[in-house]
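Each remark here refers to the structure printed beneath this line.
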There are 2 protein chains.
Amino acid sequence: MNLKQLSQMLGLSQTTVSRALNGYPEVNRETRERVLKAVRETGYRPNKAAQRLATGKAGSIGLVMPTAPGHPSDLHFGEFLTGLGEEALRHDFHFVVTPADPNDEVGALRRLAASGNVDALFITYMRGHDPRLEMLKSLSIPFLVHGRSFGTEPDYPYLDIDNEAAFYDATKLLLQLGHKRFALLNGPIYLDFAIRRKKGVVTALAERGLMLDEAYVSHTAMTDEQGLFAMERILQLEKRPTAILCSSTVLALGAVRAINQAKLKLGEDISLIAHDDVLTLLKPENFTVPLTTTRSSLRAAGVRVAERLIGEIKQLETFPEQELWKTELIVRASTGVAPAD
Amino acid sequence: MNLKQLSQMLGLSQTTVSRALNGYPEVNRETRERVLKAVRETGYRPNKAAQRLATGKAGSIGLVMPTAPGHPSDLHFGEFLTGLGEEALRHDFHFVVTPADPNDEVGALRRLAASGNVDALFITYMRGHDPRLEMLKSLSIPFLVHGRSFGTEPDYPYLDIDNEAAFYDATKLLLQLGHKRFALLNGPIYLDFAIRRKKGVVTALAERGLMLDEAYVSHTAMTDEQGLFAMERILQLEKRPTAILCSSTVLALGAVRAINQAKLKLGEDISLIAHDDVLTLLKPENFTVPLTTTRSSLRAAGVRVAERLIGEIKQLETFPEQELWKTELIVRASTGVAPAD
DNA sequence: CTCATTTCTCAAAGCGCTTTGGCTACTCAC
DNA sequence: GTGAGTAGCCAAAGCGCTTTGAGAAATGAG
């Protein structure tokens with residue numbers, strides 16, 4: 001069933017039916033009702049591809065899902081997507097998800113944009129000096145960045161959390177508790193948030209004349225296994241750290257396991273603060289020793305990203321170009337006074 | 001940059017350029033190379049909406065993501081999606097994801113199908129007597145079901161795991177170890193897999209003249225919190241069960257926490273078998289007491305679903321209509337001989 | 001009664017692609 | 001030298017929708 005058939009059925013022109021459907025004023029009330037009734041009865045739905053072609057609007061936002069054989073599924077991605085979906089649902093939008101090898105995100109993005117399938121793009125997993133920004137700016141399609149790109153002029157619309165401040169504050173707290181030897185379990189060093197978090201730690205330590213020894217830093221994928229390995233390695237170093245900063249509760253999950261296996265008491269022998277994305281599955285308060293965390297909901301960020309993007313497409317409102325969310329520092333039992341040396 | 005401009009630039013007709021691009025034989029080798037070169041230089045990409053309109057093919061598969069404010073993000077969904085993506089990547093396919101309230105999946109599906117945006121549909125989170133099947137069958141678009149629908153004639157293409165056999169076998173193992181009092185932490189009872197798993201347990205017990213007491217069964221969302229609550233409740237029942245079956249390692253995560261809090265020893269005081277979807281984050285071998293599981297990779301299922309769907313769209317091959325995967329039963333430390341009464 | 005205005009409707013163009021059917025020029029066999 | 005066959009190209013139709021520009025009918029003002 002298409003417009004032509006429907007309009008023939010009704011003895012109207014395609015124009016009139018189309019207008020009736022899209023709420024234009026110049027259609028007789030009676031006619032409109034007749035059309036709507038027919039639509040209900042026939043179950044007619046306009047073909048989106050044709051609509052897209054005619055209007056240039058698609059009602060969809062595009063995003064790239066990093067994936068590859070062997071590439072672990074990412075909890076954070078799912079959480080964020082749920083937030084996006086929640087908001088998109090309210091506006092009858094959908095997503096076009098292009099899977100892409102993590103090393104070819106620029107290409108994937110270009111394909112997506114040129115396909116004419118999406119009204120807006122959104123990117124995440126930002127890197128330092130991210131090459132995607134240049135490309136996006138050259139396109140004429142609205143976009144929004146989740147995160148930022150260290151080393152690039154911040155002249156693009158973004159939504160980010162203040163990673164540096166979060167880890168600065170966390171480090172500060174540990175310093176106040178008397179800790180001197182720090183370790184950092186971080187994400188891949190090429191990712192923006194990892195760079196900034198490390199910076200936060202380094203800055204806070206520097207204020208006390210301390211240095212972050214690279215041997216006590218790990219940069220790994222954000223999985224619990226990597227957290228376990230990294231922590232095991234660090235615990236075997238000559239001078240064991242007493243304070244651990246962790247870029248995700250997922251990493252912390254592994255780290256805590258290593259700590260337990262080493263028969264150390266969390267919050268006594270060793271303190272730990274993790275960043276909490278408020279993942280459904282991994283609540284810091286549910287750890288055997290509840291974790292002190294810096295918190296910011298990834299899902300809420302998803303909702304907000306969708307809100308801004310959709311708002312822009314529909315040209316409903318203008319949003320602040322750039323948002324930097326503060327994180328909360330929530331103290332639980334995994335942090336305690338530094339043990340005597 | 002569109003076809004028209006490109007062809008003018010080259011001094012060729014749109015027909016020829018289109019043919020060159022799509023690998024038709026009736027184009028001079030030299031001409032084709034000239035076209036490809038121009039494409040590379042200009043960055044031209046065909047507009048997908050137009051392609052879709054002209055060919056009826058979109059290079060995309062549609063799926064519905066259940067979501068709503070407050071609806072927890074689902075680890076299983078992400079894992080499956082990763083698998084889908086992995087395969088889609090190989091074929092330059094993308095997904096169109098429609099978020100939908102879990103109670104309006106039929107509507108969401110209809111919208112998706114009628115939109116003309118997708119070549120195939122795929123549904124999951126199957127329910128008993130699932131109303132979506134009727135609708136899908138009435139559509140003229142290929143579809144594939146992940147799971148099955150209990151109570152509906154299985155005359156539709158599906159990929160499922162043998163849930164009943166999995167839980168039958170698991171129960172059998174526990175019976176052999178001498179267990180008599182069973183509990184089941186299951187997913188929502190309206191979901192197909194929950195129905196079948198329960199059936200497996202009931203059948204195995206019946207063979208020994210045992211009954212599954214409803215007080216010892218819980219049907220909840222698949223989150224660790226629900227697992228915790230359910231297990232807490234069950235552990236307070238007068239006659240404590242000695243054997244627990246768990247529909248997911250996510251539920252098991254909570255259940256194990258409850259067991260620990262009750263100071264019971266897993267594998268000694270109480271045995272537990274969980275179903276393992278091979279989630280990246282939640283490896284049964286990483287539990288303090290490694291879990292005995294029935295195993296089947298959700299991600300592998302995603303790969304297979306994509307493979308079948310894409311194969312069908314491209315009409316490359318025909319696949320068996322229906323696949324039922326066996327699960328593996330992997331014994332670890334969480335199962336032991338039943339304690340003396 | 002006439003002319004201007006408003007209300008409702010329509011035919012047709014256009015979005016960017018694929019595909020049908022046809023055309024030209026060339027090759028080859030007889 | 002003729003006819004068949006093939007290689008390479010093109011013009012135009014069509015996919016299903018929106019939107020422009022215009023026309024017919026009804027209404028109102030003078």
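Ordering of the structure tokens sets the chain letters (A, B, ...), residue numbers begin anew at 1 in every chain, and ligands are numbered from 1 in the order given.
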Near chain A, meaning an atom within 9 Å, which residues of chain D appear when counting only C-alpha atoms (C1' of nucleotides)? Write them as a list in words.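 Matching residues, ligands excluded from the count: DC15, DG16, DC17, DT18 and DT19 of chain D.
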Could you write out the selected residues, including C-alpha atoms (C1' of nucleotides), as a CSV table (one decimal), in the first residue's frame?
```csv
chain,number,residue,atom,x,y,z
D,15,DC,C1',10.9,3.8,-7.0
D,16,DG,C1',7.2,6.6,-3.2
D,17,DC,C1',7.2,10.5,-1.3
D,18,DT,C1',6.9,16.1,-0.6
D,19,DT,C1',6.3,20.6,-2.4
```
Contacts between chain B and chain C, please, where a residue of chain C counts if it comes within 10 Å (with only C-alpha atoms (C1' of nucleotides)); show its shortest atom pair and distance in Å to one decimal, rows by chain and ascending number, as a Markdown table.
```
| residue | atom | partner | partner_atom | distance |
| --- | --- | --- | --- | --- |
| C:DC15 | C1' | B:Ala50 | CA | 8.0 |
| C:DG16 | C1' | B:Ala50 | CA | 5.1 |
| C:DC17 | C1' | B:Ala50 | CA | 4.8 |
| C:DT18 | C1' | B:Ala54 | CA | 5.5 |
| C:DT19 | C1' | B:Thr15 | CA | 8.6 |
```
Name the residues of region 104-317 of chain A that fall into helix (DSSP H, G or I) according to DSSP on the backbone, using the chain letters and numbers of this document, as an MDAnalysis selection string. chainID A and resid 104:114 131:138 163:176 192:207 214:216 224:235 249:261 284:286 298:313
Skip Thr67 (chain A) itself and residues of its chain fewer than 4 positions away, then list as an NGL selection string all residues within 8 Å of it, counting only C-alpha atoms (C1' of nucleotides). (:A and (71-73 or 99-102)) or (:B and (82 or 85-86))
By how many Å are CA of Val217 (chain B) and CA of Ala166 (chain B) apart?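 These two atoms are separated by 17.4 Å.
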Quick one: DSSP strand (DSSP E or B) residues in region 198-251 of chain A, as a ChimeraX atom specification? /A:217-219,243-246
For those residues, write N, CA and C atoms to a file as a PDB file, in the first residue's frame.
```pdb
ATOM      1  N   VAL A 217      51.287   2.622  36.871  1.00  0.00           N
ATOM      2  CA  VAL A 217      50.178   3.012  36.016  1.00  0.00           C
ATOM      3  C   VAL A 217      49.939   1.908  35.000  1.00  0.00           C
ATOM      4  N   SER A 218      48.698   1.589  34.750  1.00  0.00           N
ATOM      5  CA  SER A 218      48.424   0.654  33.655  1.00  0.00           C
ATOM      6  C   SER A 218      47.408   1.274  32.706  1.00  0.00           C
ATOM      7  N   HIS A 219      47.597   0.990  31.448  1.00  0.00           N
ATOM      8  CA  HIS A 219      46.646   1.441  30.438  1.00  0.00           C
ATOM      9  C   HIS A 219      46.151   0.214  29.699  1.00  0.00           C
ATOM     10  N   ALA A 243      47.229   3.272  47.655  1.00  0.00           N
ATOM     11  CA  ALA A 243      46.034   3.920  47.107  1.00  0.00           C
ATOM     12  C   ALA A 243      45.913   3.619  45.617  1.00  0.00           C
ATOM     13  N   ILE A 244      44.728   3.172  45.227  1.00  0.00           N
ATOM     14  CA  ILE A 244      44.503   2.812  43.826  1.00  0.00           C
ATOM     15  C   ILE A 244      43.394   3.678  43.256  1.00  0.00           C
ATOM     16  N   LEU A 245      43.626   4.194  42.066  1.00  0.00           N
ATOM     17  CA  LEU A 245      42.568   4.889  41.339  1.00  0.00           C
ATOM     18  C   LEU A 245      42.239   4.056  40.111  1.00  0.00           C
ATOM     19  N   CYS A 246      40.955   3.950  39.864  1.00  0.00           N
ATOM     20  CA  CYS A 246      40.495   3.004  38.853  1.00  0.00           C
ATOM     21  C   CYS A 246      39.544   3.719  37.907  1.00  0.00           C
TER      22      CYS A 246
END
```
What gap, in Å, lies between CA of Asn163 (chain B) and CA of Gly70 (chain A)?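 Taking CA of Asn163 (chain B) and CA of Gly70 (chain A), their separation equals 26.0 Å.
Between CA of Glu207 (chain B) and CA of Pro154 (chain B) lies a distance of 26.8 Å.
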Residue among A:Leu266, A:Leu329, A:Leu282, A:Met126 lying closest to chain B, counting only C-alpha atoms: A:Leu282
Name the residues in contact with Ala183 (chain B) at a cut-off of 12 Å, using only C-alpha atoms (C1' of nucleotides), excluding same-chain residues fewer than 6 positions from it; report them as a PyMOL selection string. chain B and resi 171+174+198+201-202+205+211-219+230-235+237+239-247+255+270-274
Any chance you can output those residues with C-alpha atoms as a CSV table (one decimal), in the first residue's frame?
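Okay, this is what ended up in part-v1.csv:
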```
chain,number,residue,atom,x,y,z
B,171,THR,CA,18.9,-30.7,37.4
B,174,LEU,CA,22.3,-32.1,41.0
B,198,LYS,CA,11.4,-24.4,34.3
B,201,VAL,CA,13.7,-28.7,35.9
B,202,VAL,CA,10.2,-29.9,36.6
B,205,LEU,CA,12.5,-33.7,39.3
B,211,MET,CA,8.1,-31.6,42.9
B,212,LEU,CA,9.3,-28.1,42.4
B,213,ASP,CA,7.6,-26.0,45.1
B,214,GLU,CA,6.5,-22.7,43.8
B,215,ALA,CA,7.7,-21.0,46.9
B,216,TYR,CA,11.2,-21.9,45.8
B,217,VAL,CA,10.8,-20.3,42.4
B,218,SER,CA,11.3,-16.7,41.5
B,219,HIS,CA,10.5,-14.9,38.3
B,230,ALA,CA,15.1,-13.6,45.5
B,231,MET,CA,17.9,-15.6,47.0
B,232,GLU,CA,17.6,-13.8,50.3
B,233,ARG,CA,13.9,-14.6,50.4
B,234,ILE,CA,14.4,-18.2,49.5
B,235,LEU,CA,17.2,-18.7,52.1
B,237,LEU,CA,12.2,-20.3,53.9
B,239,LYS,CA,13.4,-25.7,54.6
B,240,ARG,CA,16.4,-24.2,52.9
B,241,PRO,CA,17.1,-25.5,49.5
B,242,THR,CA,20.5,-27.2,48.8
B,243,ALA,CA,20.5,-26.7,45.1
B,244,ILE,CA,19.9,-23.6,43.1
B,245,LEU,CA,19.4,-23.2,39.4
B,246,CYS,CA,19.9,-19.7,38.0
B,247,SER,CA,18.8,-18.5,34.6
B,255,ALA,CA,22.4,-15.0,44.5
B,270,ILE,CA,24.6,-25.1,48.8
B,271,SER,CA,25.2,-25.9,45.2
B,272,LEU,CA,24.4,-23.6,42.3
B,273,ILE,CA,24.3,-24.0,38.5
B,274,ALA,CA,23.7,-20.9,36.4
```
What's around DA26 (chain D) at 10 Å? Count only C-alpha atoms (C1' of nucleotides), leave out sequence neighbours fewer than 6 positions away in its own chain, and write the answer as a PyMOL selection string. chain C and resi 6-8
Extract, using only C-alpha atoms (C1' of nucleotides), all DNA, RNA and protein residues at most 7 Å from Lys326 (chain A), discarding same-chain residues fewer than 2 positions from it, and format them as number ranges by chain. A: 161-162, 324, 328
Keeping only C-alpha atoms, take the residues you just selected and write them out as a PDB file, in the first residue's frame.
```pdb
ATOM      1  CA  ILE A 161      32.275  15.024  32.226  1.00  0.00           C
ATOM      2  CA  ASP A 162      35.084  16.767  34.026  1.00  0.00           C
ATOM      3  CA  LEU A 324      30.916  19.816  31.105  1.00  0.00           C
ATOM      4  CA  GLU A 328      30.166  13.458  42.403  1.00  0.00           C
TER       5      GLU A 328
END
```
Exercise: DG5 (chain D) partners within 12 Å, only C-alpha atoms (C1' of nucleotides), chain neighbours under 6 positions left out, as a PyMOL selection string: chain C and resi 26-29
Next, the residues of the selection above should be written as a CSV table (one decimal), in the first residue's frame with C-alpha atoms (C1' of nucleotides).
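Below is the file selection-v7.csv, written as the result:
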```csv
chain,number,residue,atom,x,y,z
C,26,DC,C1',32.9,-2.7,-34.3
C,27,DT,C1',34.3,-7.7,-35.1
C,28,DC,C1',33.9,-11.9,-37.3
C,29,DA,C1',32.3,-15.7,-40.2
```
